[in-house]
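J.: Got a file for you: final_5.pdb, PDB, C-alpha atoms.
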```
MODEL        1
ATOM      1  CA  MET A 155     -38.120  12.332  15.874
ATOM      2  CA  GLN A 156     -36.338   9.268  17.214
ATOM      3  CA  ALA A 157     -33.433   8.508  19.530
ATOM      4  CA  ALA A 158     -30.068   8.562  17.735
ATOM      5  CA  ASP A 159     -29.314   4.990  18.823
ATOM      6  CA  GLY A 160     -32.485   3.777  17.088
ATOM      7  CA  THR A 161     -34.318   2.806  20.257
ATOM      8  CA  GLY A 162     -37.939   3.696  20.845
ATOM      9  CA  ASP A 163     -40.601   4.614  18.344
ATOM     10  CA  ALA A 164     -40.476   7.499  15.893
ATOM     11  CA  VAL A 165     -42.598  10.464  17.013
ATOM     12  CA  ARG A 166     -44.271  12.758  14.518
ATOM     13  CA  ILE A 167     -43.385  16.402  15.150
ATOM     14  CA  ALA A 168     -45.594  18.307  12.724
ATOM     15  CA  THR A 169     -49.278  17.834  12.081
ATOM     16  CA  ALA A 170     -48.816  18.898   8.434
ATOM     17  CA  GLU A 171     -46.185  18.141   5.837
ATOM     18  CA  VAL A 172     -43.246  20.530   6.250
ATOM     19  CA  GLY A 173     -42.038  20.254   2.652
ATOM     20  CA  GLY A 174     -38.971  22.101   1.420
ATOM     21  CA  SER A 175     -35.459  20.761   1.385
ATOM     22  CA  TYR A 176     -33.819  22.361   4.348
ATOM     23  CA  GLY A 177     -34.283  22.596   8.100
ATOM     24  CA  SER A 178     -32.593  24.096  11.144
ATOM     25  CA  TRP A 179     -33.142  23.153  14.766
ATOM     26  CA  SER A 180     -32.783  25.539  17.671
ATOM     27  CA  SER A 181     -29.889  24.684  19.989
ATOM     28  CA  ASP A 182     -32.311  23.322  22.611
ATOM     29  CA  GLY A 183     -33.969  21.086  19.984
ATOM     30  CA  ARG A 184     -37.428  22.567  20.571
ATOM     31  CA  MET A 185     -37.958  24.617  17.394
ATOM     32  CA  LEU A 186     -37.566  23.600  13.736
ATOM     33  CA  LEU A 187     -37.298  26.104  10.889
ATOM     34  CA  PHE A 188     -37.603  25.050   7.269
ATOM     35  CA  ASP A 189     -38.430  26.430   3.825
ATOM     36  CA  ARG A 190     -41.611  25.600   1.950
ATOM     37  CA  VAL A 191     -43.004  26.628  -1.438
ATOM     38  CA  ASP A 192     -46.280  28.546  -1.553
ATOM     39  CA  SER A 193     -48.204  28.964  -4.800
ATOM     40  CA  SER A 194     -48.718  32.705  -4.227
ATOM     41  CA  THR A 195     -45.565  33.846  -2.403
ATOM     42  CA  GLY A 196     -42.903  31.418  -3.638
ATOM     43  CA  ASN A 197     -40.350  29.986  -1.222
ATOM     44  CA  ASP A 198     -40.969  31.004   2.413
ATOM     45  CA  ILE A 199     -39.562  30.193   5.848
ATOM     46  CA  TRP A 200     -41.799  28.368   8.315
ATOM     47  CA  MET A 201     -41.401  27.139  11.886
ATOM     48  CA  VAL A 202     -42.910  24.505  14.122
ATOM     49  CA  GLY A 203     -42.409  23.647  17.788
ATOM     50  CA  ARG A 204     -41.272  20.122  18.558
ATOM     51  CA  ASP A 205     -43.767  19.678  21.382
ATOM     52  CA  SER A 206     -46.453  22.105  20.255
ATOM     53  CA  GLY A 207     -48.674  19.573  18.525
ATOM     54  CA  THR A 208     -49.811  22.281  16.135
ATOM     55  CA  ALA A 209     -49.398  22.913  12.422
ATOM     56  CA  PRO A 210     -46.326  24.835  11.198
ATOM     57  CA  GLN A 211     -46.563  28.635  11.159
ATOM     58  CA  PRO A 212     -44.952  31.083   8.706
ATOM     59  CA  PHE A 213     -41.883  32.938   9.998
ATOM     60  CA  LEU A 214     -41.118  34.966   6.868
ATOM     61  CA  GLN A 215     -43.434  35.259   3.872
ATOM     62  CA  THR A 216     -42.771  37.896   1.215
ATOM     63  CA  ARG A 217     -43.055  38.213  -2.557
ATOM     64  CA  PHE A 218     -39.396  37.149  -2.771
ATOM     65  CA  ASN A 219     -37.890  33.706  -2.228
ATOM     66  CA  GLU A 220     -36.469  33.033   1.237
ATOM     67  CA  PHE A 221     -34.750  29.770   2.103
ATOM     68  CA  SER A 222     -31.843  28.089   3.952
ATOM     69  CA  PRO A 223     -32.812  29.218   7.493
ATOM     70  CA  ARG A 224     -30.194  28.756  10.202
ATOM     71  CA  LEU A 225     -30.786  29.705  13.828
ATOM     72  CA  SER A 226     -27.911  31.186  15.818
ATOM     73  CA  PRO A 227     -26.662  29.110  18.772
ATOM     74  CA  ASP A 228     -28.465  31.429  21.218
ATOM     75  CA  SER A 229     -31.659  31.271  19.067
ATOM     76  CA  ARG A 230     -31.840  35.095  18.940
ATOM     77  CA  TRP A 231     -31.035  35.508  15.234
ATOM     78  CA  ILE A 232     -31.791  33.637  12.050
ATOM     79  CA  ALA A 233     -29.534  33.655   9.001
ATOM     80  CA  TYR A 234     -31.244  32.952   5.696
ATOM     81  CA  VAL A 235     -30.967  33.521   1.941
ATOM     82  CA  SER A 236     -33.228  35.825  -0.077
ATOM     83  CA  ASN A 237     -33.279  36.932  -3.708
ATOM     84  CA  GLU A 238     -34.909  40.302  -2.954
ATOM     85  CA  SER A 239     -31.907  42.198  -4.379
ATOM     86  CA  GLY A 240     -32.122  40.301  -7.666
ATOM     87  CA  ARG A 241     -29.560  37.673  -6.620
ATOM     88  CA  ASN A 242     -29.128  35.390  -3.642
ATOM     89  CA  GLU A 243     -27.728  37.164  -0.580
ATOM     90  CA  VAL A 244     -27.420  36.175   3.084
ATOM     91  CA  TYR A 245     -29.469  38.162   5.624
ATOM     92  CA  LEU A 246     -30.061  38.166   9.362
ATOM     93  CA  ARG A 247     -33.323  38.747  11.197
ATOM     94  CA  ARG A 248     -34.167  38.715  14.874
ATOM     95  CA  PHE A 249     -35.928  35.558  16.053
ATOM     96  CA  PRO A 250     -38.810  34.964  16.601
ATOM     97  CA  ASP A 251     -40.322  38.311  15.500
ATOM     98  CA  ALA A 252     -38.425  38.573  12.150
ATOM     99  CA  SER A 253     -37.434  42.204  12.875
ATOM    100  CA  ALA A 254     -34.125  44.109  12.502
ATOM    101  CA  LYS A 255     -33.129  42.823   9.062
ATOM    102  CA  ARG A 256     -29.384  42.969   8.236
ATOM    103  CA  GLN A 257     -27.714  42.072   4.927
ATOM    104  CA  ILE A 258     -24.558  40.044   5.596
ATOM    105  CA  SER A 259     -23.164  39.091   2.167
ATOM    106  CA  THR A 260     -22.267  41.792  -0.347
ATOM    107  CA  GLY A 261     -21.471  40.007  -3.606
ATOM    108  CA  GLY A 262     -23.855  37.066  -3.467
ATOM    109  CA  GLY A 263     -24.260  34.346  -0.872
ATOM    110  CA  ASP A 264     -25.823  30.947  -0.184
ATOM    111  CA  VAL A 265     -25.991  28.202   2.458
ATOM    112  CA  PRO A 266     -25.201  30.045   5.713
ATOM    113  CA  ALA A 267     -23.881  28.231   8.794
ATOM    114  CA  TRP A 268     -23.022  29.531  12.263
ATOM    115  CA  SER A 269     -19.901  28.846  14.284
ATOM    116  CA  ARG A 270     -20.659  27.063  17.546
ATOM    117  CA  ASP A 271     -20.046  30.225  19.600
ATOM    118  CA  GLY A 272     -22.236  32.384  17.336
ATOM    119  CA  ARG A 273     -19.435  34.869  16.682
ATOM    120  CA  ARG A 274     -18.936  33.957  13.040
ATOM    121  CA  LEU A 275     -21.226  33.240  10.117
ATOM    122  CA  PHE A 276     -20.044  31.205   7.141
ATOM    123  CA  PHE A 277     -21.601  31.111   3.681
ATOM    124  CA  SER A 278     -20.700  30.136   0.126
ATOM    125  CA  ASN A 279     -20.515  32.335  -2.950
ATOM    126  CA  GLY A 280     -19.994  30.106  -5.965
ATOM    127  CA  GLU A 281     -16.735  28.243  -5.298
ATOM    128  CA  GLN A 282     -15.752  30.649  -2.516
ATOM    129  CA  MET A 283     -16.292  29.960   1.173
ATOM    130  CA  MET A 284     -16.731  33.244   3.032
ATOM    131  CA  ALA A 285     -16.827  34.285   6.704
ATOM    132  CA  VAL A 286     -18.261  37.279   8.557
ATOM    133  CA  GLU A 287     -17.448  38.200  12.135
ATOM    134  CA  ILE A 288     -20.628  38.794  14.168
ATOM    135  CA  SER A 289     -20.663  41.127  17.172
ATOM    136  CA  GLY A 290     -23.312  42.672  19.390
ATOM    137  CA  GLY A 291     -26.338  41.250  21.132
ATOM    138  CA  THR A 292     -29.695  42.910  20.548
ATOM    139  CA  GLU A 293     -28.236  44.995  17.676
ATOM    140  CA  VAL A 294     -25.999  42.596  15.792
ATOM    141  CA  VAL A 295     -23.233  43.907  13.528
ATOM    142  CA  GLY A 296     -21.470  41.956  10.779
ATOM    143  CA  SER A 297     -17.951  42.648   9.502
ATOM    144  CA  GLN A 298     -16.954  42.838   5.850
ATOM    145  CA  PRO A 299     -17.066  39.316   4.350
ATOM    146  CA  ARG A 300     -13.654  37.734   3.862
ATOM    147  CA  LEU A 301     -12.571  34.823   1.701
ATOM    148  CA  LEU A 302     -11.539  31.665   3.545
ATOM    149  CA  PHE A 303     -10.817  29.327   0.619
ATOM    150  CA  LYS A 304     -12.003  28.250  -2.806
ATOM    151  CA  GLY A 305     -12.944  24.852  -4.184
ATOM    152  CA  ALA A 306     -15.219  23.049  -6.625
ATOM    153  CA  TYR A 307     -17.189  21.401  -3.849
ATOM    154  CA  LEU A 308     -20.534  19.714  -4.310
ATOM    155  CA  ARG A 309     -23.550  21.985  -4.043
ATOM    156  CA  ARG A 310     -26.942  20.337  -4.173
ATOM    157  CA  GLY A 311     -30.077  22.460  -3.850
ATOM    158  CA  ALA A 312     -30.520  24.727  -0.852
ATOM    159  CA  GLY A 313     -29.493  22.178   1.778
ATOM    160  CA  LEU A 314     -26.483  22.452   4.056
ATOM    161  CA  ASN A 315     -23.821  20.502   2.132
ATOM    162  CA  TYR A 316     -20.886  21.180   4.446
ATOM    163  CA  ASP A 317     -20.223  21.331   8.160
ATOM    164  CA  VAL A 318     -17.961  23.306  10.459
ATOM    165  CA  ALA A 319     -15.938  21.783  13.291
ATOM    166  CA  PRO A 320     -16.582  23.083  16.837
ATOM    167  CA  ASP A 321     -13.325  25.087  16.698
ATOM    168  CA  GLY A 322     -14.577  26.959  13.613
ATOM    169  CA  ARG A 323     -11.303  26.269  11.795
ATOM    170  CA  HIS A 324     -11.983  23.007   9.966
ATOM    171  CA  PHE A 325     -14.628  22.159   7.389
ATOM    172  CA  ALA A 326     -16.108  18.937   6.079
ATOM    173  CA  MET A 327     -16.892  19.346   2.371
ATOM    174  CA  ILE A 328     -18.069  17.020  -0.394
ATOM    175  CA  VAL A 329     -15.831  16.723  -3.441
ATOM    176  CA  PRO A 330     -17.775  15.486  -6.494
ATOM    177  CA  ALA A 331     -16.303  12.447  -8.234
ATOM    178  CA  GLU A 332     -15.654  12.768 -11.951
ATOM    179  CA  PRO A 333     -15.944   9.471 -13.826
ATOM    180  CA  GLU A 334     -12.953   8.752 -16.049
ATOM    181  CA  SER A 335     -15.309   8.244 -18.967
ATOM    182  CA  LEU A 336     -15.897  11.989 -19.026
ATOM    183  CA  HIS A 337     -12.335  12.410 -20.207
ATOM    184  CA  GLU A 338     -12.374   9.720 -22.905
ATOM    185  CA  ILE A 339     -13.793   9.613 -26.411
ATOM    186  CA  ALA A 340     -14.707   6.263 -27.949
ATOM    187  CA  LEU A 341     -14.909   5.932 -31.749
ATOM    188  CA  VAL A 342     -16.857   2.948 -33.093
ATOM    189  CA  THR A 343     -16.540   2.066 -36.796
ATOM    190  CA  ASN A 344     -18.919  -0.169 -38.765
ATOM    191  CA  TRP A 345     -21.361   0.076 -35.896
ATOM    192  CA  PHE A 346     -24.291  -0.990 -38.097
ATOM    193  CA  GLU A 347     -22.611  -4.296 -38.944
ATOM    194  CA  ASP A 348     -21.931  -4.857 -35.266
ATOM    195  CA  LEU A 349     -25.568  -4.086 -34.502
ATOM    196  CA  LYS A 350     -26.784  -6.685 -37.032
ATOM    197  CA  ARG A 351     -24.459  -9.249 -35.487
ATOM    198  CA  ARG A 352     -25.743  -8.549 -31.979
ATOM    199  CA  VAL A 353     -29.430  -8.370 -32.952
ATOM    200  CA  PRO A 354     -30.047 -11.041 -35.609
ATOM    201  CA  ARG A 355     -33.272 -11.054 -37.618
TER
ENDMDL
END
```
Here is the file; what I need is its structure written in the form of structure tokens.

T.:
Amino acid sequence: MQAADGTGDAVRIATAEVGGSYGSWSSDGRMLLFDRVDSSTGNDIWMVGRDSGTAPQPFLQTRFNEFSPRLSPDSRWIAYVSNESGRNEVYLRRFPDASAKRQISTGGGDVPAWSRDGRRLFFSNGEQMMAVEISGGTEVVGSQPRLLFKGAYLRRGAGLNYDVAPDGRHFAMIVPAEPESLHEIALVTNWFEDLKRRVPR
């Protein structure tokens, strides 16, 4: 951890390597959740306190793969992805005791992200960006997922590859560049003669 303006020294948060490719901070910046691969249980979700000075602890470890943890703004719920149904779906669990599991997506889901007020949860399903309205406090309820928009946006691993504006209405996405050479075919004749000319004996 280091100040955003680059001043001061970097401070090590965890006493062990966190691993994985994805992390989520609590809104107060005191708790980090991340995914890590275990040889016996696959991909699991772990957590570590910023000021605890201790090794990371498992939050959710099952025989399925769990990844992409995202804490709600009030740090009472965690959204994550699991393949326990046979495909990736988005789920909610109460934080920090991992109780009260709720399935949020219905036709597949990846890369969840909360709105700043915690009343909406976004996730992707292939080229579709979906949204679910979240209501309730101790017993959270999610609406039927609805399509926001579609697009061939860049998706790289399990990391968060988009962001949502504070108003929850605008998104920053990455559009992959397609080199023009992918759309051209070059035909070279007498290539062996050209090779001999370029690489003399």

J.: Rank nothing, just name the residue among A:Trp268, A:Phe221, A:Trp179, A:Tyr234 nearest to Asp317 of chain A, using all atoms listed in the file.

T.: A:Trp268

J.: Rounded to one decimal in Å, what is the spacing between atom CA of Ile328 of chain A and atom CA of Asn315 of chain A?

T.: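 Interatomic distance here is 7.2 Å.
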
J.: Could you state the separation of atom CA of Arg230 of chain A and atom CA of Val165 of chain A in Å, given to one decimal place?

T.: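 Atom CA of Val165 of chain A lies 26.9 Å from atom CA of Arg230 of chain A.
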
J.: Can you measure atom CA of Val244 of chain A to atom CA of Pro320 of chain A for me? One decimal in Å is fine.

T.: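 About the pair atom CA of Val244 of chain A and atom CA of Pro320 of chain A: they are 21.9 Å apart.
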
J.: Please enumerate the residues selected by the PyMOL selection byres ((chain A and resi 195) around 12) when evaluated against the supplied file, formatted as a list of chain:residue names.

T.: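 Listing what the PyMOL selection byres ((chain A and resi 195) around 12) selects in the shown file: A:Arg190, A:Val191, A:Asp192, A:Ser193, A:Ser194, A:Gly196, A:Asn197, A:Asp198, A:Ile199, A:Pro212, A:Leu214, A:Gln215, A:Thr216, A:Arg217, A:Phe218, A:Asn219, A:Glu220.
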